[in-house]
$ cat query-v6.pdb   # PDB, C-alpha atoms
ATOM      1  CA  MET N   1     -17.545   2.289 -13.125
ATOM      2  CA  SER N   2     -18.057   5.506 -11.175
ATOM      3  CA  GLU N   3     -16.639   8.911 -12.073
ATOM      4  CA  HIS N   4     -14.550   8.686  -8.913
ATOM      5  CA  GLN N   5     -12.958   5.458 -10.132
ATOM      6  CA  ARG N   6     -12.226   7.020 -13.512
ATOM      7  CA  LYS N   7     -10.322   9.818 -11.774
ATOM      8  CA  GLN N   8      -8.360   7.264  -9.755
ATOM      9  CA  ILE N   9      -7.434   5.414 -12.943
ATOM     10  CA  GLU N  10      -6.291   8.688 -14.526
ATOM     11  CA  ILE N  11      -3.952   9.249 -11.574
ATOM     12  CA  ILE N  12      -2.578   5.700 -11.745
ATOM     13  CA  ASP N  13      -2.062   6.077 -15.513
ATOM     14  CA  ALA N  14      -0.241   9.368 -14.856
ATOM     15  CA  ILE N  15       2.046   7.602 -12.386
ATOM     16  CA  GLU N  16       2.847   4.979 -15.019
ATOM     17  CA  ALA N  17       3.665   7.721 -17.533
ATOM     18  CA  GLN N  18       5.985   9.406 -15.013
ATOM     19  CA  LEU N  19       7.750   6.105 -14.341
ATOM     20  CA  LYS N  20       8.409   5.659 -18.053
ATOM     21  CA  THR N  21      10.047   9.103 -18.267
ATOM     22  CA  ASN N  22      11.889   8.917 -14.916
ATOM     23  CA  SER N  23       9.867  11.875 -13.633
ATOM     24  CA  PHE N  24       8.120  10.082 -10.753
ATOM     25  CA  ARG N  25       8.766  12.168  -7.629
ATOM     26  CA  ALA N  26       6.540  10.676  -4.928
ATOM     27  CA  THR N  27       8.113   9.060  -1.857
ATOM     28  CA  ALA N  28       9.402   5.564  -2.643
ATOM     29  CA  ILE N  29      11.174   2.901  -0.590
ATOM     30  CA  SER N  30      14.750   2.427  -1.787
ATOM     31  CA  PRO N  31      16.126  -1.110  -2.169
ATOM     32  CA  VAL N  32      18.459  -2.792   0.318
ATOM     33  CA  ALA N  33      20.826  -5.738  -0.065
ATOM     34  CA  ASP N  34      18.471  -8.102   1.775
ATOM     35  CA  PHE N  35      14.845  -7.154   2.421
ATOM     36  CA  ASN N  36      14.522 -10.110   4.801
ATOM     37  CA  VAL N  37      16.586  -8.233   7.382
ATOM     38  CA  ASP N  38      15.531  -4.665   6.554
ATOM     39  CA  THR N  39      15.798  -2.595   9.749
ATOM     40  CA  ARG N  40      13.911   0.476   8.515
ATOM     41  CA  MET N  41      10.713   0.920  10.520
ATOM     42  CA  SER N  42       7.494   2.747   9.638
ATOM     43  CA  LEU N  43       4.346   3.892  11.417
ATOM     44  CA  THR N  44       1.432   3.281   9.099
ATOM     45  CA  ALA N  45      -2.207   2.207   8.807
ATOM     46  CA  VAL N  46      -3.202  -0.752   6.674
ATOM     47  CA  HIS N  47      -5.921  -3.281   6.025
ATOM     48  CA  PHE N  48      -4.962  -6.944   6.246
ATOM     49  CA  PRO N  49      -6.990  -8.734   3.549
ATOM     50  CA  ALA N  50      -8.988 -11.881   4.120
ATOM     51  CA  LYS N  51      -7.081 -15.145   3.821
ATOM     52  CA  TYR N  52      -8.850 -16.190   0.628
ATOM     53  CA  LEU N  53      -7.714 -13.043  -1.186
ATOM     54  CA  ASN N  54      -4.112 -13.344  -0.022
ATOM     55  CA  SER N  55      -4.021 -17.002  -1.067
ATOM     56  CA  TYR N  56      -5.348 -16.089  -4.504
ATOM     57  CA  ILE N  57      -2.734 -13.345  -4.972
ATOM     58  CA  VAL N  58       0.068 -15.715  -3.965
ATOM     59  CA  LYS N  59      -1.140 -18.543  -6.212
ATOM     60  CA  GLU N  60      -2.105 -16.538  -9.300
ATOM     61  CA  ILE N  61       0.514 -13.757  -9.260
ATOM     62  CA  ILE N  62       3.390 -14.265  -6.844
ATOM     63  CA  GLU N  63       4.228 -17.935  -7.422
ATOM     64  CA  PRO N  64       4.330 -17.634 -11.251
ATOM     65  CA  LEU N  65       6.502 -14.504 -11.021
ATOM     66  CA  LYS N  66       8.911 -16.273  -8.661
ATOM     67  CA  ALA N  67       9.613 -18.777 -11.418
ATOM     68  CA  VAL N  68      10.709 -15.926 -13.688
ATOM     69  CA  PHE N  69      12.588 -13.764 -11.172
ATOM     70  CA  PRO N  70      13.392 -15.749  -7.996
ATOM     71  CA  GLU N  71      15.958 -13.181  -6.822
ATOM     72  CA  ALA N  72      13.263 -10.628  -5.930
ATOM     73  CA  TYR N  73      11.749 -10.357  -2.465
ATOM     74  CA  TYR N  74       8.106 -11.492  -2.604
ATOM     75  CA  TYR N  75       5.460 -10.826   0.000
ATOM     76  CA  SER N  76       3.822 -13.898   1.538
ATOM     77  CA  ASP N  77       0.175 -14.535   2.359
ATOM     78  CA  ASP N  78       0.776 -13.498   5.972
ATOM     79  CA  ASN N  79       2.285 -10.069   5.241
ATOM     80  CA  LEU N  80       0.330  -8.865   2.212
ATOM     81  CA  HIS N  81      -1.523  -5.669   3.100
ATOM     82  CA  MET N  82      -3.435  -2.739   1.647
ATOM     83  CA  THR N  83      -1.985   0.624   2.586
ATOM     84  CA  ILE N  84      -4.575   3.045   3.958
ATOM     85  CA  LYS N  85      -2.542   5.890   5.474
ATOM     86  CA  ASN N  86       1.164   6.492   6.016
ATOM     87  CA  ILE N  87       2.320   8.458   9.041
ATOM     88  CA  ARG N  88       6.062   7.841   9.080
ATOM     89  CA  ALA N  89       7.833   6.219   6.127
ATOM     90  CA  PRO N  90      10.393   3.444   6.783
ATOM     91  CA  HIS N  91      13.667   4.708   8.229
ATOM     92  CA  ASP N  92      16.499   3.548  10.474
ATOM     93  CA  PRO N  93      16.438   4.886  13.091
ATOM     94  CA  PRO N  94      12.624   5.248  13.166
ATOM     95  CA  ARG N  95      11.289   8.770  12.705
ATOM     96  CA  PHE N  96       8.623   8.317  15.366
ATOM     97  CA  THR N  97       8.456   7.941  19.131
ATOM     98  CA  ASP N  98       6.193   6.114  21.572
ATOM     99  CA  GLU N  99       4.395   9.423  22.053
ATOM    100  CA  ASP N 100       3.812   9.682  18.294
ATOM    101  CA  ILE N 101       2.300   6.190  18.344
ATOM    102  CA  ARG N 102       0.029   7.187  21.228
ATOM    103  CA  LYS N 103      -1.113  10.329  19.398
ATOM    104  CA  ALA N 104      -1.735   8.400  16.190
ATOM    105  CA  GLU N 105      -3.769   5.771  18.033
ATOM    106  CA  GLU N 106      -5.891   8.524  19.536
ATOM    107  CA  VAL N 107      -6.521  10.102  16.117
ATOM    108  CA  PHE N 108      -7.407   6.801  14.456
ATOM    109  CA  GLY N 109      -9.639   5.834  17.363
ATOM    110  CA  SER N 110     -11.628   9.032  16.960
ATOM    111  CA  VAL N 111     -11.812   8.980  13.141
ATOM    112  CA  VAL N 112     -12.024   5.431  11.794
ATOM    113  CA  PRO N 113     -15.104   4.104  13.676
ATOM    114  CA  GLY N 114     -17.144   7.015  12.318
ATOM    115  CA  HIS N 115     -16.596   5.940   8.713
ATOM    116  CA  THR N 116     -18.200   3.177   6.689
ATOM    117  CA  LYS N 117     -16.671   0.124   5.064
ATOM    118  CA  PHE N 118     -15.904   0.521   1.369
ATOM    119  CA  ASN N 119     -15.115  -1.518  -1.728
ATOM    120  CA  VAL N 120     -11.800  -1.827  -3.522
ATOM    121  CA  PHE N 121     -11.633  -2.934  -7.146
ATOM    122  CA  LEU N 122      -8.239  -4.509  -7.859
ATOM    123  CA  TYR N 123      -7.624  -4.284 -11.582
ATOM    124  CA  ARG N 124      -3.968  -4.086 -12.645
ATOM    125  CA  LEU N 125      -0.291  -4.496 -11.765
ATOM    126  CA  LEU N 126       2.005  -1.484 -11.849
ATOM    127  CA  LEU N 127       5.769  -1.891 -12.145
ATOM    128  CA  PHE N 128       7.753   0.746 -10.265
ATOM    129  CA  GLN N 129      11.537   1.103 -10.343
ATOM    130  CA  ASN N 130      12.037  -1.072  -7.257
ATOM    131  CA  ASN N 131       8.682  -2.753  -6.598
ATOM    132  CA  LEU N 132       5.644  -4.326  -8.203
ATOM    133  CA  ALA N 133       2.206  -3.409  -6.859
ATOM    134  CA  LEU N 134      -1.367  -4.547  -7.383
ATOM    135  CA  MET N 135      -3.513  -1.444  -7.845
ATOM    136  CA  GLY N 136      -7.161  -0.843  -7.030
ATOM    137  CA  THR N 137      -9.779   1.849  -7.375
ATOM    138  CA  THR N 138     -12.236   2.383  -4.521
ATOM    139  CA  ASP N 139     -15.475   3.914  -3.394
ATOM    140  CA  GLU N 140     -15.210   7.593  -2.401
ATOM    141  CA  GLU N 141     -15.182   6.673   1.292
ATOM    142  CA  LEU N 142     -11.411   6.107   1.186
ATOM    143  CA  ASP N 143     -10.795   9.772   0.355
ATOM    144  CA  SER N 144     -13.109  10.834   3.164
ATOM    145  CA  ILE N 145     -11.245   8.666   5.674
ATOM    146  CA  ILE N 146      -7.847   9.954   4.558
ATOM    147  CA  PHE N 147      -8.906  13.617   4.645
ATOM    148  CA  ASP N 148     -10.240  13.232   8.193
ATOM    149  CA  LEU N 149      -7.119  11.369   9.311
ATOM    150  CA  ASP N 150      -4.882  14.023   7.754
ATOM    151  CA  ARG N 151      -6.643  16.766   9.689
ATOM    152  CA  GLY N 152      -6.375  14.848  12.953
ATOM    153  CA  LEU N 153      -2.726  13.921  12.440
ATOM    154  CA  GLN N 154      -1.784  17.489  11.510
ATOM    155  CA  ASP N 155      -3.590  18.866  14.561
ATOM    156  CA  SER N 156      -1.657  16.368  16.705
ATOM    157  CA  GLY N 157       1.700  17.367  15.236
ATOM    158  CA  ILE N 158       2.340  14.090  13.413
ATOM    159  CA  ALA N 159       1.419  14.884   9.815
ATOM    160  CA  ASP N 160       2.108  12.281   7.128
ATOM    161  CA  ASP N 161       5.743  12.617   5.994
ATOM    162  CA  LYS N 162       5.294  11.169   2.495
ATOM    163  CA  LYS N 163       5.151  13.113  -0.759
ATOM    164  CA  TYR N 164       2.259  12.127  -3.057
ATOM    165  CA  VAL N 165       1.574  12.470  -6.776
ATOM    166  CA  ASN N 166      -1.995  13.602  -6.052
ATOM    167  CA  THR N 167      -3.550  14.757  -2.789
ATOM    168  CA  SER N 168      -7.168  14.973  -3.972
ATOM    169  CA  HIS N 169      -7.865  11.354  -4.873
ATOM    170  CA  PHE N 170      -6.333   8.253  -3.333
ATOM    171  CA  PHE N 171      -6.355   4.568  -4.246
ATOM    172  CA  ILE N 172      -5.363   1.185  -2.854
ATOM    173  CA  ASN N 173      -2.159  -0.667  -3.589
ATOM    174  CA  VAL N 174      -0.868  -4.058  -2.497
ATOM    175  CA  ASN N 175       2.890  -4.483  -2.772
ATOM    176  CA  ILE N 176       3.757  -7.802  -4.406
ATOM    177  CA  ALA N 177       7.554  -7.757  -4.752
ATOM    178  CA  ARG N 178      10.640  -5.605  -4.112
ATOM    179  CA  PHE N 179      13.995  -5.613  -5.892
ATOM    180  CA  ALA N 180      16.959  -3.446  -6.899
ATOM    181  CA  GLN N 181      16.550  -4.120 -10.628
ATOM    182  CA  PHE N 182      14.255  -6.318 -12.682
ATOM    183  CA  PRO N 183      14.955  -8.381 -15.835
ATOM    184  CA  PRO N 184      13.000  -7.812 -19.081
ATOM    185  CA  GLU N 185      11.232 -11.176 -18.726
ATOM    186  CA  PHE N 186       9.815 -10.122 -15.350
ATOM    187  CA  LYS N 187       8.419  -6.935 -16.884
ATOM    188  CA  ARG N 188       6.886  -8.926 -19.731
ATOM    189  CA  LYS N 189       5.293 -11.490 -17.418
ATOM    190  CA  ALA N 190       3.945  -8.832 -15.060
ATOM    191  CA  GLY N 191       2.364  -7.129 -18.063
ATOM    192  CA  GLU N 192       0.746 -10.389 -19.168
ATOM    193  CA  PHE N 193      -0.670 -11.088 -15.715
ATOM    194  CA  SER N 194      -1.946  -7.532 -15.437
ATOM    195  CA  GLN N 195      -3.969  -7.934 -18.630
ATOM    196  CA  ARG N 196      -5.842 -10.990 -17.388
ATOM    197  CA  LEU N 197      -6.530 -10.078 -13.765
ATOM    198  CA  ASN N 198     -10.123 -10.646 -12.716
ATOM    199  CA  PHE N 199     -10.884  -9.787  -9.091
ATOM    200  CA  ASP N 200     -14.302  -9.531  -7.502
ATOM    201  CA  PRO N 201     -14.931  -6.321  -5.514
ATOM    202  CA  TYR N 202     -13.402  -6.629  -2.056
ATOM    203  CA  CYS N 203     -14.822  -4.923   1.038
ATOM    204  CA  ILE N 204     -12.416  -3.151   3.399
ATOM    205  CA  ASP N 205     -14.016  -3.266   6.834
ATOM    206  CA  THR N 206     -11.081  -2.731   9.228
ATOM    207  CA  VAL N 207      -8.089  -0.420   9.593
ATOM    208  CA  SER N 208      -5.009  -1.422  11.610
ATOM    209  CA  LEU N 209      -2.369   0.948  12.960
ATOM    210  CA  VAL N 210       1.016  -0.801  12.937
ATOM    211  CA  THR N 211       4.737  -0.332  13.199
ATOM    212  CA  ALA N 212       6.511  -2.392  10.557
ATOM    213  CA  ASN N 213       9.621  -2.669   8.476
ATOM    214  CA  SER N 214       9.385  -2.003   4.748
ATOM    215  CA  VAL N 215       8.284  -5.535   3.814
ATOM    216  CA  PHE N 216       6.179  -6.291   6.908
ATOM    217  CA  LYS N 217       8.466  -9.125   8.033
ATOM    218  CA  LYS N 218       8.569  -7.397  11.399
ATOM    219  CA  VAL N 219       5.121  -6.073  12.382
ATOM    220  CA  SER N 220       3.628  -4.874  15.643
ATOM    221  CA  GLN N 221      -0.083  -4.068  15.664
ATOM    222  CA  VAL N 222      -0.967  -1.045  17.786
ATOM    223  CA  ASN N 223      -4.733  -1.312  17.373
ATOM    224  CA  THR N 224      -7.442  -2.268  14.890
ATOM    225  CA  TRP N 225     -10.760  -0.491  14.314
ATOM    226  CA  ASN N 226     -13.899  -1.638  12.538
ATOM    227  CA  LEU N 227     -15.555   0.485   9.897
ATOM    228  CA  LYS N 228     -19.309   0.678  10.370
TER     229      LYS N 228
END

$ encode --input "query-v6.pdb" --output "structure tokens"
Amino acid sequence: MSEHQRKQIEIIDAIEAQLKTNSFRATAISPVADFNVDTRMSLTAVHFPAKYLNSYIVKEIIEPLKAVFPEAYYYSDDNLHMTIKNIRAPHDPPRFTDEDIRKAEEVFGSVVPGHTKFNVFLYRLLLFQNNLALMGTTDEELDSIIFDLDRGLQDSGIADDKKYVNTSHFFINVNIARFAQFPPEFKRKAGEFSQRLNFDPYCIDTVSLVTANSVFKKVSQVNTWNLK
């Protein structure tokens, strides 16, 4: 494990500690009565994982958790994604325009192809107040991509509108489920699964700019770029 990964784990552990003391202050998506018809739209950049990885996540994590807590909203193998860079968090009405999308596409088109593909190391589940996420450390390239995107987005007048726990080191997360509240058994099962996760390193080689609602049931891809 690299020193960079150790720092990422420290940040993720700090987030968990904040969640336990109700002191977590980063931007979070609030629950709605029915996530299937959530009308809040975002402008964001993600990586859509390979089919084999999505199928594994559904089979080994999502399906067993459904048996424990079927009332939650669970992501499916066609809308699982790895968040790379937020631009506008989900909101109704959307907090972005067609011109913002055009500017963002221009920034991503100038930044992303100049960066190299990188590895993500998925290693644990993290239970937030209203969602469960699969967390991963990465190579340092992710930070480099995000810093360059931030500069370009700020220069274009469309800076990221999210608040983050740490702005020096970033990591990958894959949202698994969303809910208003969770039962104790769900927390226990998620903890058990987290302890026995065993993922091979996964290579992120593309970045897609999309507009989407909070659970990616409604997604429109603006463009996709390959990392070299």

$ residues_around --input "query-v6.pdb" --residues "Val219 in chain N" --least-positions-apart "3" --cutoff "10 Å" --atoms "only C-alpha atoms" --output "ChimeraX atom specification"
/N:41-42,79,210-216,222

$ write_last_selection --input "query-v6.pdb" --atoms "C-alpha atoms" --output "compact mmCIF listing (two decimals), keeping the file's coordinate frame"
# COMPACT_ATOMS: atom_id res chain seq x y z
CA MET N 41 10.71 0.92 10.52
CA SER N 42 7.49 2.75 9.64
CA ASN N 79 2.28 -10.07 5.24
CA VAL N 210 1.02 -0.80 12.94
CA THR N 211 4.74 -0.33 13.20
CA ALA N 212 6.51 -2.39 10.56
CA ASN N 213 9.62 -2.67 8.48
CA SER N 214 9.38 -2.00 4.75
CA VAL N 215 8.28 -5.54 3.81
CA PHE N 216 6.18 -6.29 6.91
CA VAL N 222 -0.97 -1.04 17.79

$ resolve_selection --input "query-v6.pdb" --expression "the PyMOL selection byres ((chain N and resi 142-158) around 8)" --output "ChimeraX atom specification"
/N:84-85,87,100,103-104,107-108,111-112,115,118,138-141,159-160,168-171

$ residues_near_point --input "query-v6.pdb" --point "(10.3, 3.7, -1.0)" --cutoff "10 Å" --atoms "all atoms listed in the file" --output "PyMOL selection string"
chain N and resi 26-31+89-91+129-131+162+178+214

$ write_last_selection --input "query-v6.pdb" --atoms "C-alpha atoms" --output "PDB file, in the coordinates of the input"
ATOM      1  CA  ALA N  26       6.540  10.676  -4.928  1.00  0.00           C
ATOM      2  CA  THR N  27       8.113   9.060  -1.857  1.00  0.00           C
ATOM      3  CA  ALA N  28       9.402   5.564  -2.643  1.00  0.00           C
ATOM      4  CA  ILE N  29      11.174   2.901  -0.590  1.00  0.00           C
ATOM      5  CA  SER N  30      14.750   2.427  -1.787  1.00  0.00           C
ATOM      6  CA  PRO N  31      16.126  -1.110  -2.169  1.00  0.00           C
ATOM      7  CA  ALA N  89       7.833   6.219   6.127  1.00  0.00           C
ATOM      8  CA  PRO N  90      10.393   3.444   6.783  1.00  0.00           C
ATOM      9  CA  HIS N  91      13.667   4.708   8.229  1.00  0.00           C
ATOM     10  CA  GLN N 129      11.537   1.103 -10.343  1.00  0.00           C
ATOM     11  CA  ASN N 130      12.037  -1.072  -7.257  1.00  0.00           C
ATOM     12  CA  ASN N 131       8.682  -2.753  -6.598  1.00  0.00           C
ATOM     13  CA  LYS N 162       5.294  11.169   2.495  1.00  0.00           C
ATOM     14  CA  ARG N 178      10.640  -5.605  -4.112  1.00  0.00           C
ATOM     15  CA  SER N 214       9.385  -2.003   4.748  1.00  0.00           C
TER      16      SER N 214
END

$ atom_distance --input "query-v6.pdb" --atom1 "CA of Leu134 in chain N" --atom2 "CA of Lys20 in chain N"
17.7 Å

$ residues_around --input "query-v6.pdb" --residues "Asn173 in chain N" --least-positions-apart "3" --cutoff "10 Å" --atoms "only C-alpha atoms" --output "PyMOL selection string"
chain N and resi 81-84+120+122+124-126+132-137+170+176

$ write_last_selection --input "query-v6.pdb" --atoms "C-alpha atoms" --output "compact mmCIF listing (two decimals), in the frame of the given file"
# COMPACT_ATOMS: atom_id res chain seq x y z
CA HIS N 81 -1.52 -5.67 3.10
CA MET N 82 -3.44 -2.74 1.65
CA THR N 83 -1.98 0.62 2.59
CA ILE N 84 -4.58 3.04 3.96
CA VAL N 120 -11.80 -1.83 -3.52
CA LEU N 122 -8.24 -4.51 -7.86
CA ARG N 124 -3.97 -4.09 -12.64
CA LEU N 125 -0.29 -4.50 -11.76
CA LEU N 126 2.00 -1.48 -11.85
CA LEU N 132 5.64 -4.33 -8.20
CA ALA N 133 2.21 -3.41 -6.86
CA LEU N 134 -1.37 -4.55 -7.38
CA MET N 135 -3.51 -1.44 -7.84
CA GLY N 136 -7.16 -0.84 -7.03
CA THR N 137 -9.78 1.85 -7.38
CA PHE N 170 -6.33 8.25 -3.33
CA ILE N 176 3.76 -7.80 -4.41

$ atom_distance --input "query-v6.pdb" --atom1 "CA of Asp200 in chain N" --atom2 "CA of Lys187 in chain N"
24.7 Å

$ residues_near_point --input "query-v6.pdb" --point "(1.0, -12.9, 1.1)" --cutoff "12 Å" --atoms "only C-alpha atoms" --output "PyMOL selection string"
chain N and resi 48-63+73-82+174-177+215-217

$ write_last_selection --input "query-v6.pdb" --atoms "C-alpha atoms" --output "compact mmCIF listing (two decimals), in the frame of the given file"
# COMPACT_ATOMS: atom_id res chain seq x y z
CA PHE N 48 -4.96 -6.94 6.25
CA PRO N 49 -6.99 -8.73 3.55
CA ALA N 50 -8.99 -11.88 4.12
CA LYS N 51 -7.08 -15.14 3.82
CA TYR N 52 -8.85 -16.19 0.63
CA LEU N 53 -7.71 -13.04 -1.19
CA ASN N 54 -4.11 -13.34 -0.02
CA SER N 55 -4.02 -17.00 -1.07
CA TYR N 56 -5.35 -16.09 -4.50
CA ILE N 57 -2.73 -13.34 -4.97
CA VAL N 58 0.07 -15.72 -3.96
CA LYS N 59 -1.14 -18.54 -6.21
CA GLU N 60 -2.10 -16.54 -9.30
CA ILE N 61 0.51 -13.76 -9.26
CA ILE N 62 3.39 -14.26 -6.84
CA GLU N 63 4.23 -17.93 -7.42
CA TYR N 73 11.75 -10.36 -2.46
CA TYR N 74 8.11 -11.49 -2.60
CA TYR N 75 5.46 -10.83 0.00
CA SER N 76 3.82 -13.90 1.54
CA ASP N 77 0.18 -14.54 2.36
CA ASP N 78 0.78 -13.50 5.97
CA ASN N 79 2.28 -10.07 5.24
CA LEU N 80 0.33 -8.86 2.21
CA HIS N 81 -1.52 -5.67 3.10
CA MET N 82 -3.44 -2.74 1.65
CA VAL N 174 -0.87 -4.06 -2.50
CA ASN N 175 2.89 -4.48 -2.77
CA ILE N 176 3.76 -7.80 -4.41
CA ALA N 177 7.55 -7.76 -4.75
CA VAL N 215 8.28 -5.54 3.81
CA PHE N 216 6.18 -6.29 6.91
CA LYS N 217 8.47 -9.12 8.03

$ closest_residue --input "query-v6.pdb" --among "N:Gly191, N:Leu227, N:Lys218, N:Asn166" --to "Ile15 in chain N" --atoms "only C-alpha atoms"
N:Asn166

$ closest_residue --input "query-v6.pdb" --among "N:Pro113, N:His47, N:Pro64, N:Phe179" --to "Phe128 in chain N" --atoms "all atoms listed in the file"
N:Phe179

$ atom_distance --input "query-v6.pdb" --atom1 "CA of Glu16 in chain N" --atom2 "CA of Phe69 in chain N"
21.5 Å

$ residues_around --input "query-v6.pdb" --residues "Ala33 in chain N" --least-positions-apart "3" --cutoff "10 Å" --atoms "only C-alpha atoms" --output "JSON, numbers by chain"
{"N": [36, 37, 38, 179, 180]}

$ closest_residue --input "query-v6.pdb" --among "N:Phe121, N:Glu3, N:Lys163, N:Ile12" --to "Phe199 in chain N" --atoms "only C-alpha atoms"
N:Phe121

$ closest_residue --input "query-v6.pdb" --among "N:Tyr123, N:Trp225, N:Ala17, N:Leu43" --to "Leu197 in chain N" --atoms "all atoms listed in the file"
N:Tyr123

$ closest_residue --input "query-v6.pdb" --among "N:Thr97, N:Thr116, N:Asn198, N:Gln181" --to "Lys228 in chain N" --atoms "only C-alpha atoms"
N:Thr116

$ axis_aligned_box --input "query-v6.pdb" --around "range 199-214 of chain N" --padding-each-side "4 Å" --output "JSON"
{"center_x": -2.7, "center_y": -4.4, "center_z": 2.1, "size_x": 32.6, "size_y": 18.7, "size_z": 30.3}

$ build_atoms --input "query-v6.pdb" --residues "range 170-192 of chain N" --atoms "N, CA and C atoms" --output "CSV table (one decimal), keeping the file's coordinate frame"
chain,number,residue,atom,x,y,z
N,170,PHE,N,-7.2,9.3,-3.8
N,170,PHE,CA,-6.3,8.3,-3.3
N,170,PHE,C,-6.8,6.9,-3.8
N,171,PHE,N,-6.0,5.9,-3.7
N,171,PHE,CA,-6.4,4.6,-4.2
N,171,PHE,C,-5.7,3.5,-3.4
N,172,ILE,N,-5.9,2.3,-3.6
N,172,ILE,CA,-5.4,1.2,-2.9
N,172,ILE,C,-4.3,0.5,-3.7
N,173,ASN,N,-3.2,0.2,-3.0
N,173,ASN,CA,-2.2,-0.7,-3.6
N,173,ASN,C,-1.7,-1.8,-2.6
N,174,VAL,N,-1.4,-2.9,-3.2
N,174,VAL,CA,-0.9,-4.1,-2.5
N,174,VAL,C,0.5,-4.4,-3.1
N,175,ASN,N,1.6,-4.2,-2.3
N,175,ASN,CA,2.9,-4.5,-2.8
N,175,ASN,C,3.1,-6.0,-2.9
N,176,ILE,N,3.6,-6.4,-4.1
N,176,ILE,CA,3.8,-7.8,-4.4
N,176,ILE,C,5.2,-8.2,-4.3
N,177,ALA,N,6.1,-7.4,-4.7
N,177,ALA,CA,7.6,-7.8,-4.8
N,177,ALA,C,8.4,-6.5,-4.7
N,178,ARG,N,9.6,-6.7,-4.2
N,178,ARG,CA,10.6,-5.6,-4.1
N,178,ARG,C,12.0,-6.1,-4.6
N,179,PHE,N,12.8,-5.2,-5.2
N,179,PHE,CA,14.0,-5.6,-5.9
N,179,PHE,C,14.8,-4.4,-6.2
N,180,ALA,N,16.1,-4.6,-6.5
N,180,ALA,CA,17.0,-3.4,-6.9
N,180,ALA,C,16.8,-3.2,-8.4
N,181,GLN,N,16.8,-4.2,-9.2
N,181,GLN,CA,16.6,-4.1,-10.6
N,181,GLN,C,15.7,-5.3,-11.1
N,182,PHE,N,15.1,-5.2,-12.2
N,182,PHE,CA,14.3,-6.3,-12.7
N,182,PHE,C,14.7,-6.7,-14.1
N,183,PRO,N,14.6,-8.0,-14.5
N,183,PRO,CA,15.0,-8.4,-15.8
N,183,PRO,C,13.8,-8.1,-16.8
N,184,PRO,N,14.1,-8.0,-18.1
N,184,PRO,CA,13.0,-7.8,-19.1
N,184,PRO,C,11.9,-8.9,-19.0
N,185,GLU,N,12.2,-10.1,-18.8
N,185,GLU,CA,11.2,-11.2,-18.7
N,185,GLU,C,10.2,-11.0,-17.6
N,186,PHE,N,10.7,-10.4,-16.5
N,186,PHE,CA,9.8,-10.1,-15.4
N,186,PHE,C,8.8,-9.0,-15.7
N,187,LYS,N,9.3,-8.0,-16.4
N,187,LYS,CA,8.4,-6.9,-16.9
N,187,LYS,C,7.4,-7.5,-17.9
N,188,ARG,N,7.8,-8.4,-18.8
N,188,ARG,CA,6.9,-8.9,-19.7
N,188,ARG,C,5.8,-9.8,-19.1
N,189,LYS,N,6.2,-10.6,-18.1
N,189,LYS,CA,5.3,-11.5,-17.4
N,189,LYS,C,4.3,-10.7,-16.6
N,190,ALA,N,4.8,-9.7,-15.9
N,190,ALA,CA,3.9,-8.8,-15.1
N,190,ALA,C,2.9,-8.2,-15.9
N,191,GLY,N,3.3,-7.7,-17.1
N,191,GLY,CA,2.4,-7.1,-18.1
N,191,GLY,C,1.3,-8.1,-18.5
N,192,GLU,N,1.7,-9.3,-18.8
N,192,GLU,CA,0.7,-10.4,-19.2
N,192,GLU,C,-0.3,-10.7,-18.1
